[in-house]
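Comments concern the structure below.
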Amino acid sequence: MFKKLARSIRQYKKETILTPVCMFGEVVLECIIPLVMAKIVDAMDGGTMKEISYYGLILFVLAMCSLACGVGSGIFAATASTGFAKNMRRDVFYKVQDFTFADIDYFSSSSLVTRMTTDITNIQNAFQMLLRMGVRAPFMILFSVLMTISIHAGMSLIFLGLIPVLAGVLFGVFFKVHPIFKRIFKRYDAMNNSVQENIAGVRVVKSFVREEYEDKKFKEVSGQVKDDFTRAEKILALNSPTMTFAMYAAMLMVAYFGARLIVSSNQVALSTGDLTSLLTYGVQILSSVMMLSMVFVMGSMAMESAERVVEVLDYEPSMKLAEEGKTQVANGEISFEHVSFKYSNRSKRNALEDITIQIPSGSTLGIIGGTGSAKTSLIQLIPRLYDVTDGAVKVGGVDVREYDLETLRDAVAVVLQKNVLFSGTIKENLRWGKEDATDEEIEEVCKLACADEFIEQFPHKYDTYIEQGGTNVSGGQKQRLCIARALLKAPKVLILDDSTSAVDTKTDAMIRHAMATRLPETTKIIIAQRVSSVQDADQIIVLDGGKIVERGNHQELVAKKGIYAEIFETQTKSKEVAE
């Protein structure tokens with residue numbers, strides 16, 4: 001795990017090395033300072049002013065050098081830790097880009113967000129603390145103990161006796177709180193999921209006056225996080241009083257036994273300056289143990305965070321890419337050959353069952369069916385958003401699994417059921433389809449998608465700013481912009497997944513007519529609830545329960561008097577009643 005995380009240090013290796021080096025220098029200097037102070041104290045008792053000034057100058061130089069080392073370690077540690085976190089976020093983000101929808105479903109989007117924010121921040125803080133306190137504390141304890149032994153071996157036993165006791169308390173606390181932090185991060189995922197869901201569906205929440213329900217749901221999850229944190233903090237709270245008690249107990253014993261030794265030996269076995277040094281080293285030893293306790297506390301949180309981050313980095317995407325994938329799609333011909341599909345290996349039944357379709361290049365396929373009939377599941381197999389469970393999907397006569405993924409998806413444009421626009425101008429959103437598209441190309445596809453009529457009414461026209469998620473345009477306008485964006489790719493295959501449901505029938509007919517006349521070589525797949533949207537298709541399939549139950553053109557399906565004919569008759573009557 002540590003080896004995996006260490007790869008994210010990369011260009012910050014120099015700062016990562018210089019931080020402990022500076023910290024080591026500070027420790028050495030701070031351990032020499034009490035010895036010089038002892039010389040000054042002893043010089044005050046019968047020494048000369050020149051001697052005191054000499055040691056005072058040495059003390060000043062040592063203090064300045066120690067300050068320089070401390071400042072250097074702080075700067076280097078901040079640079080190394082923030083750079084380390086930046087690289088780690090980048091590594092996780094790029095890893096997630098290779099995930100399929102199934103992989104994202106496995107982790108959940110809220111959990112991935114928590115791992116890239118809270119978890120990496122915990123690792124960053126622990127990394128910085130480890131570079132500084134994690135280096136300073138052990139060396140300070142070691143050198144301070146050696147100094148106390150050099151001053152008086154017997155008195156050093158006071159500190160040596162306390163260190164294992166305090167270390168035992170630290171390890172006990174660590175192993176007690178680690179499982180709690182493990183549970184806390186799962187609660188974080190649930191809490192973030194609640195927040196994400198609430199914000200994304202805020203209009204629905206307010207429309208149904210469900211604020212109180214959402215508030216109650218959030219309070220429940222938030223309360224669980226609070227309870228777990230409180231439990232962990234209660235255990236961690238033992239650290240401070242234990243360390244403080246040990247520090248003052250040690251100081252009292254050193255002062256008591258040291259004073260008796262000074263008096264009984266007339267400062268032969270131990271001088272006043274030596275006692276001062278012992279007290280200083282005692283403070284350094286015990287404060288270093290307290291630092292270690294802080295490192296352990298932070299480490300207990302970071303360990304769980306590190307495991308969660310490494311889980312993402314180590315995860316093997318379920319979609320295996322071809323090592324030397326084909327980089328050319330010949331045409332828009334599509335074939336489904338006995339395709340079956342299920343979203344997870346844990347699923348008991350297939351979402352699609354034994355689907356076989358031949359779609360000639362340049363033709364139009366209409367797909368109709370009830371809710372949950374797997375229409376969207378079917379079309380998501382074409383650009384490899386998911387992989388088939390059995391059978392094969394071919395585009396241009398080649399199995400989609402043999403293509404370079406970028407090449408395949410560049411040849412297939414999908415306007416999904418849930419339309420998404422990003423914050424930025426209309427031009428910036430449309431250029432997702434073609435990065436270097438000219439203004440003329442943008443205007444052309446907007447005419448095809450019937451989007452030009454409302455864009456021209458905006459004060460800034462194509463430079464109109466779209467809010468995040470497209471909240472400042474209507475559902476129909478959003479759909480037409482998404483269609484225009486897909487058309488800008490000039491794809492070999494164009495898939496419209498119920499993407500004209502928010503536009504009126506007249507505009508729907510205009511969009512279909514424009515695509516039929518202006519994109520004759522593009523294979524078009526139209527999923528719709530309205531029969532009028534698919535009745536001009538070269539072939540139409542009716543899905544029910546993940547199976548093709550009817551296929552043919554409009555006239556053939558109406559003549560069969562099956563599901564399609566029933567839907568057509570119902571919608572025709574509804575239209576006549578409305579008129």
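Please note that chains go A, B, ... in the order of the structure tokens, that every chain numbers its residues from 1, and that ligands are numbered from 1 in the order shown.
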
Exercise. Determine, counting only C-alpha atoms, which protein, DNA and RNA residues have an atom within 10 Å of an atom of A:Gln358; residues of the same chain fewer than 2 positions away are not included. Present the result as a PyMOL selection string.
Key: chain A and resi 333-337+356+360-361+365+394+539

Would you put the residues from that selection into a file with N, CA and C atoms, as an mmCIF file, in the first residue's frame?
```cif
data_model
loop_
_atom_site.group_PDB
_atom_site.id
_atom_site.type_symbol
_atom_site.label_atom_id
_atom_site.label_comp_id
_atom_site.auth_asym_id
_atom_site.auth_seq_id
_atom_site.Cartn_x
_atom_site.Cartn_y
_atom_site.Cartn_z
ATOM 1 N N GLU A 333 -22.457 0.173 -40.199
ATOM 2 C CA GLU A 333 -23.209 -1.085 -40.107
ATOM 3 C C GLU A 333 -23.100 -1.652 -38.683
ATOM 4 N N ILE A 334 -24.222 -2.079 -38.137
ATOM 5 C CA ILE A 334 -24.252 -2.616 -36.767
ATOM 6 C C ILE A 334 -24.933 -3.975 -36.780
ATOM 7 N N SER A 335 -24.371 -4.899 -36.028
ATOM 8 C CA SER A 335 -25.029 -6.198 -35.881
ATOM 9 C C SER A 335 -24.924 -6.686 -34.448
ATOM 10 N N PHE A 336 -26.047 -7.154 -33.940
ATOM 11 C CA PHE A 336 -26.106 -7.808 -32.633
ATOM 12 C C PHE A 336 -26.254 -9.299 -32.909
ATOM 13 N N GLU A 337 -25.319 -10.092 -32.403
ATOM 14 C CA GLU A 337 -25.327 -11.527 -32.675
ATOM 15 C C GLU A 337 -25.536 -12.308 -31.389
ATOM 16 N N THR A 356 -30.661 -10.464 -31.572
ATOM 17 C CA THR A 356 -30.018 -10.538 -32.876
ATOM 18 C C THR A 356 -30.663 -9.510 -33.801
ATOM 19 N N PRO A 360 -28.190 -2.131 -41.427
ATOM 20 C CA PRO A 360 -27.300 -1.701 -42.512
ATOM 21 C C PRO A 360 -26.804 -0.271 -42.303
ATOM 22 N N SER A 361 -25.617 0.013 -42.820
ATOM 23 C CA SER A 361 -25.052 1.355 -42.701
ATOM 24 C C SER A 361 -25.950 2.373 -43.403
ATOM 25 N N LEU A 365 -32.991 2.680 -37.439
ATOM 26 C CA LEU A 365 -33.662 1.677 -36.607
ATOM 27 C C LEU A 365 -34.464 2.396 -35.542
ATOM 28 N N LYS A 394 -21.174 -5.850 -33.222
ATOM 29 C CA LYS A 394 -20.206 -5.444 -34.233
ATOM 30 C C LYS A 394 -20.601 -4.109 -34.853
ATOM 31 N N GLN A 539 -36.501 -0.032 -40.150
ATOM 32 C CA GLN A 539 -37.004 -1.174 -39.389
ATOM 33 C C GLN A 539 -37.236 -0.745 -37.945
#
```

Quiz item: Hey, what's within 12 Å of stretch 554-557 of chain A if we count only C-alpha atoms and toss same-chain stuff fewer than 3 positions away? As number ranges by chain, please?
Solution: A: 365-368, 531-542, 549-551, 560-569

For the residues in that selection, give me N, CA and C atoms as an mmCIF file, in the first residue's frame.
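So result.cif came out as:
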```cif
data_model
loop_
_atom_site.group_PDB
_atom_site.id
_atom_site.type_symbol
_atom_site.label_atom_id
_atom_site.label_comp_id
_atom_site.auth_asym_id
_atom_site.auth_seq_id
_atom_site.Cartn_x
_atom_site.Cartn_y
_atom_site.Cartn_z
ATOM 1 N N LEU A 365 -32.991 2.680 -37.439
ATOM 2 C CA LEU A 365 -33.662 1.677 -36.607
ATOM 3 C C LEU A 365 -34.464 2.396 -35.542
ATOM 4 N N GLY A 366 -35.735 2.040 -35.424
ATOM 5 C CA GLY A 366 -36.564 2.566 -34.346
ATOM 6 C C GLY A 366 -36.729 1.527 -33.260
ATOM 7 N N ILE A 367 -36.627 1.941 -32.008
ATOM 8 C CA ILE A 367 -36.796 1.021 -30.873
ATOM 9 C C ILE A 367 -37.903 1.567 -29.992
ATOM 10 N N ILE A 368 -38.855 0.729 -29.693
ATOM 11 C CA ILE A 368 -39.967 1.149 -28.846
ATOM 12 C C ILE A 368 -40.232 0.055 -27.825
ATOM 13 N N VAL A 531 -44.874 6.727 -31.220
ATOM 14 C CA VAL A 531 -44.781 5.978 -32.465
ATOM 15 C C VAL A 531 -44.409 6.901 -33.612
ATOM 16 N N SER A 532 -44.890 8.134 -33.589
ATOM 17 C CA SER A 532 -44.614 9.093 -34.661
ATOM 18 C C SER A 532 -43.119 9.348 -34.835
ATOM 19 N N SER A 533 -42.337 9.144 -33.762
ATOM 20 C CA SER A 533 -40.895 9.383 -33.826
ATOM 21 C C SER A 533 -40.149 8.277 -34.552
ATOM 22 N N VAL A 534 -40.749 7.084 -34.652
ATOM 23 C CA VAL A 534 -40.045 5.951 -35.259
ATOM 24 C C VAL A 534 -40.748 5.378 -36.484
ATOM 25 N N GLN A 535 -41.931 5.869 -36.819
ATOM 26 C CA GLN A 535 -42.714 5.211 -37.875
ATOM 27 C C GLN A 535 -42.077 5.299 -39.266
ATOM 28 N N ASP A 536 -41.186 6.255 -39.465
ATOM 29 C CA ASP A 536 -40.505 6.365 -40.766
ATOM 30 C C ASP A 536 -39.207 5.571 -40.817
ATOM 31 N N ALA A 537 -38.860 4.866 -39.753
ATOM 32 C CA ALA A 537 -37.611 4.102 -39.696
ATOM 33 C C ALA A 537 -37.652 2.937 -40.679
ATOM 34 N N ASP A 538 -36.469 2.534 -41.156
ATOM 35 C CA ASP A 538 -36.382 1.406 -42.091
ATOM 36 C C ASP A 538 -36.830 0.107 -41.432
ATOM 37 N N GLN A 539 -36.501 -0.032 -40.150
ATOM 38 C CA GLN A 539 -37.004 -1.174 -39.389
ATOM 39 C C GLN A 539 -37.236 -0.745 -37.945
ATOM 40 N N ILE A 540 -38.180 -1.390 -37.316
ATOM 41 C CA ILE A 540 -38.561 -1.057 -35.938
ATOM 42 C C ILE A 540 -38.569 -2.352 -35.136
ATOM 43 N N ILE A 541 -38.028 -2.296 -33.925
ATOM 44 C CA ILE A 541 -38.121 -3.448 -33.026
ATOM 45 C C ILE A 541 -38.878 -3.034 -31.768
ATOM 46 N N VAL A 542 -39.633 -3.968 -31.233
ATOM 47 C CA VAL A 542 -40.367 -3.743 -29.991
ATOM 48 C C VAL A 542 -39.729 -4.623 -28.924
ATOM 49 N N VAL A 549 -39.752 -8.736 -29.195
ATOM 50 C CA VAL A 549 -41.020 -9.455 -29.346
ATOM 51 C C VAL A 549 -41.671 -9.177 -30.700
ATOM 52 N N GLU A 550 -41.273 -8.071 -31.348
ATOM 53 C CA GLU A 550 -41.793 -7.751 -32.687
ATOM 54 C C GLU A 550 -40.717 -7.011 -33.460
ATOM 55 N N ARG A 551 -40.708 -7.207 -34.779
ATOM 56 C CA ARG A 551 -39.804 -6.442 -35.628
ATOM 57 C C ARG A 551 -40.410 -6.305 -37.017
ATOM 58 N N LYS A 560 -49.697 -6.599 -37.967
ATOM 59 C CA LYS A 560 -49.606 -7.746 -37.057
ATOM 60 C C LYS A 560 -50.576 -7.646 -35.886
ATOM 61 N N LYS A 561 -51.032 -6.426 -35.622
ATOM 62 C CA LYS A 561 -51.981 -6.173 -34.523
ATOM 63 C C LYS A 561 -51.451 -6.685 -33.175
ATOM 64 N N GLY A 562 -50.180 -6.421 -32.953
ATOM 65 C CA GLY A 562 -49.550 -6.813 -31.698
ATOM 66 C C GLY A 562 -49.367 -5.606 -30.778
ATOM 67 N N ILE A 563 -48.267 -5.624 -30.007
ATOM 68 C CA ILE A 563 -47.987 -4.547 -29.041
ATOM 69 C C ILE A 563 -47.824 -3.206 -29.751
ATOM 70 N N TYR A 564 -47.074 -3.204 -30.854
ATOM 71 C CA TYR A 564 -46.832 -1.947 -31.576
ATOM 72 C C TYR A 564 -48.147 -1.351 -32.079
ATOM 73 N N ALA A 565 -48.980 -2.207 -32.677
ATOM 74 C CA ALA A 565 -50.263 -1.737 -33.204
ATOM 75 C C ALA A 565 -51.141 -1.179 -32.082
ATOM 76 N N GLU A 566 -51.060 -1.807 -30.924
ATOM 77 C CA GLU A 566 -51.853 -1.343 -29.780
ATOM 78 C C GLU A 566 -51.384 0.039 -29.310
ATOM 79 N N ILE A 567 -50.044 0.220 -29.257
ATOM 80 C CA ILE A 567 -49.490 1.528 -28.853
ATOM 81 C C ILE A 567 -49.870 2.590 -29.877
ATOM 82 N N PHE A 568 -49.768 2.233 -31.179
ATOM 83 C CA PHE A 568 -50.082 3.170 -32.257
ATOM 84 C C PHE A 568 -51.549 3.594 -32.196
ATOM 85 N N GLU A 569 -52.409 2.620 -32.004
ATOM 86 C CA GLU A 569 -53.853 2.909 -31.949
ATOM 87 C C GLU A 569 -54.181 3.791 -30.748
#
```

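Across the structure, atom CA of A:Asn331 and atom CA of A:Val395 are spaced 7.5 Å apart.
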
Which residues come within 7 Å of A:Lys478, counting only C-alpha atoms, excluding same-chain residues fewer than 5 positions away, as an mmCIF file with N, CA and C atoms, in the first residue's frame?
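That gives us around14.cif:
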```cif
data_model
loop_
_atom_site.group_PDB
_atom_site.id
_atom_site.type_symbol
_atom_site.label_atom_id
_atom_site.label_comp_id
_atom_site.auth_asym_id
_atom_site.auth_seq_id
_atom_site.Cartn_x
_atom_site.Cartn_y
_atom_site.Cartn_z
ATOM 1 N N ASN A 419 -30.134 14.329 -20.459
ATOM 2 C CA ASN A 419 -29.278 15.291 -21.150
ATOM 3 C C ASN A 419 -28.439 16.073 -20.155
ATOM 4 N N GLY A 470 -27.212 23.041 -17.159
ATOM 5 C CA GLY A 470 -28.168 23.645 -18.094
ATOM 6 C C GLY A 470 -29.450 24.098 -17.438
ATOM 7 N N VAL A 473 -31.846 26.839 -19.227
ATOM 8 C CA VAL A 473 -32.555 26.562 -20.476
ATOM 9 C C VAL A 473 -33.618 25.499 -20.198
#
```

Practice problem: For atom CA of A:Lys489 and atom CA of A:Gly433, determine how far apart the two atoms are, in Å to one decimal place. | Solution: 4.8 Å

Compile a residue-level contact table for stretch 85-195 of chain A against stretch 8-26 of chain A at a cut-off of 8 Å, reporting for every qualifying residue the shortest atom pair and its distance in Å to one decimal, with only C-alpha atoms counted, rows ordered by chain and ascending number, as JSON lines.
```
{"residue": "A:Ala85", "atom": "CA", "partner": "A:Ser8", "partner_atom": "CA", "distance": 7.7}
{"residue": "A:Asn87", "atom": "CA", "partner": "A:Ser8", "partner_atom": "CA", "distance": 5.3}
{"residue": "A:Met88", "atom": "CA", "partner": "A:Ser8", "partner_atom": "CA", "distance": 5.3}
{"residue": "A:Asp91", "atom": "CA", "partner": "A:Ser8", "partner_atom": "CA", "distance": 7.5}
{"residue": "A:Leu131", "atom": "CA", "partner": "A:Pro20", "partner_atom": "CA", "distance": 5.8}
{"residue": "A:Arg132", "atom": "CA", "partner": "A:Met23", "partner_atom": "CA", "distance": 6.3}
{"residue": "A:Val135", "atom": "CA", "partner": "A:Pro20", "partner_atom": "CA", "distance": 6.1}
{"residue": "A:Arg136", "atom": "CA", "partner": "A:Met23", "partner_atom": "CA", "distance": 5.9}
{"residue": "A:Phe139", "atom": "CA", "partner": "A:Phe24", "partner_atom": "CA", "distance": 7.3}
```

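Atom pair atom CA of A:Glu453 / atom CA of A:Leu481: separated by 11.4 Å.
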
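Within stretch 324-389 of chain A, DSSP applied to the backbone places the following residues in strand (DSSP E): Ile334, Ser335, Phe336, Glu337, His338, Val339, Ser340, Phe341, Leu352, Glu353, Asp354, Ile355, Thr356, Ile357, Gln358, Ile359, Thr364, Leu365, Gly366, Ile367, Ile368 and Gly369 of chain A.
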
Keeping C-alpha atoms for every residue in the selection just given, could you write it to a file as an mmCIF file, in the first residue's frame?
```
data_model
loop_
_atom_site.group_PDB
_atom_site.id
_atom_site.type_symbol
_atom_site.label_atom_id
_atom_site.label_comp_id
_atom_site.auth_asym_id
_atom_site.auth_seq_id
_atom_site.Cartn_x
_atom_site.Cartn_y
_atom_site.Cartn_z
ATOM 1 C CA ILE A 334 -24.252 -2.616 -36.767
ATOM 2 C CA SER A 335 -25.029 -6.198 -35.881
ATOM 3 C CA PHE A 336 -26.106 -7.808 -32.633
ATOM 4 C CA GLU A 337 -25.327 -11.527 -32.675
ATOM 5 C CA HIS A 338 -27.166 -13.504 -30.001
ATOM 6 C CA VAL A 339 -26.389 -10.843 -27.410
ATOM 7 C CA SER A 340 -27.238 -11.326 -23.755
ATOM 8 C CA PHE A 341 -26.325 -8.848 -21.055
ATOM 9 C CA LEU A 352 -31.117 -8.440 -22.450
ATOM 10 C CA GLU A 353 -31.723 -11.947 -23.711
ATOM 11 C CA ASP A 354 -30.547 -13.412 -27.079
ATOM 12 C CA ILE A 355 -30.770 -10.203 -29.163
ATOM 13 C CA THR A 356 -30.018 -10.538 -32.876
ATOM 14 C CA ILE A 357 -30.354 -7.498 -35.177
ATOM 15 C CA GLN A 358 -28.799 -6.430 -38.464
ATOM 16 C CA ILE A 359 -28.708 -2.656 -39.082
ATOM 17 C CA THR A 364 -32.619 4.011 -39.420
ATOM 18 C CA LEU A 365 -33.662 1.677 -36.607
ATOM 19 C CA GLY A 366 -36.564 2.566 -34.346
ATOM 20 C CA ILE A 367 -36.796 1.021 -30.873
ATOM 21 C CA ILE A 368 -39.967 1.149 -28.846
ATOM 22 C CA GLY A 369 -41.029 -0.539 -25.635
#
```
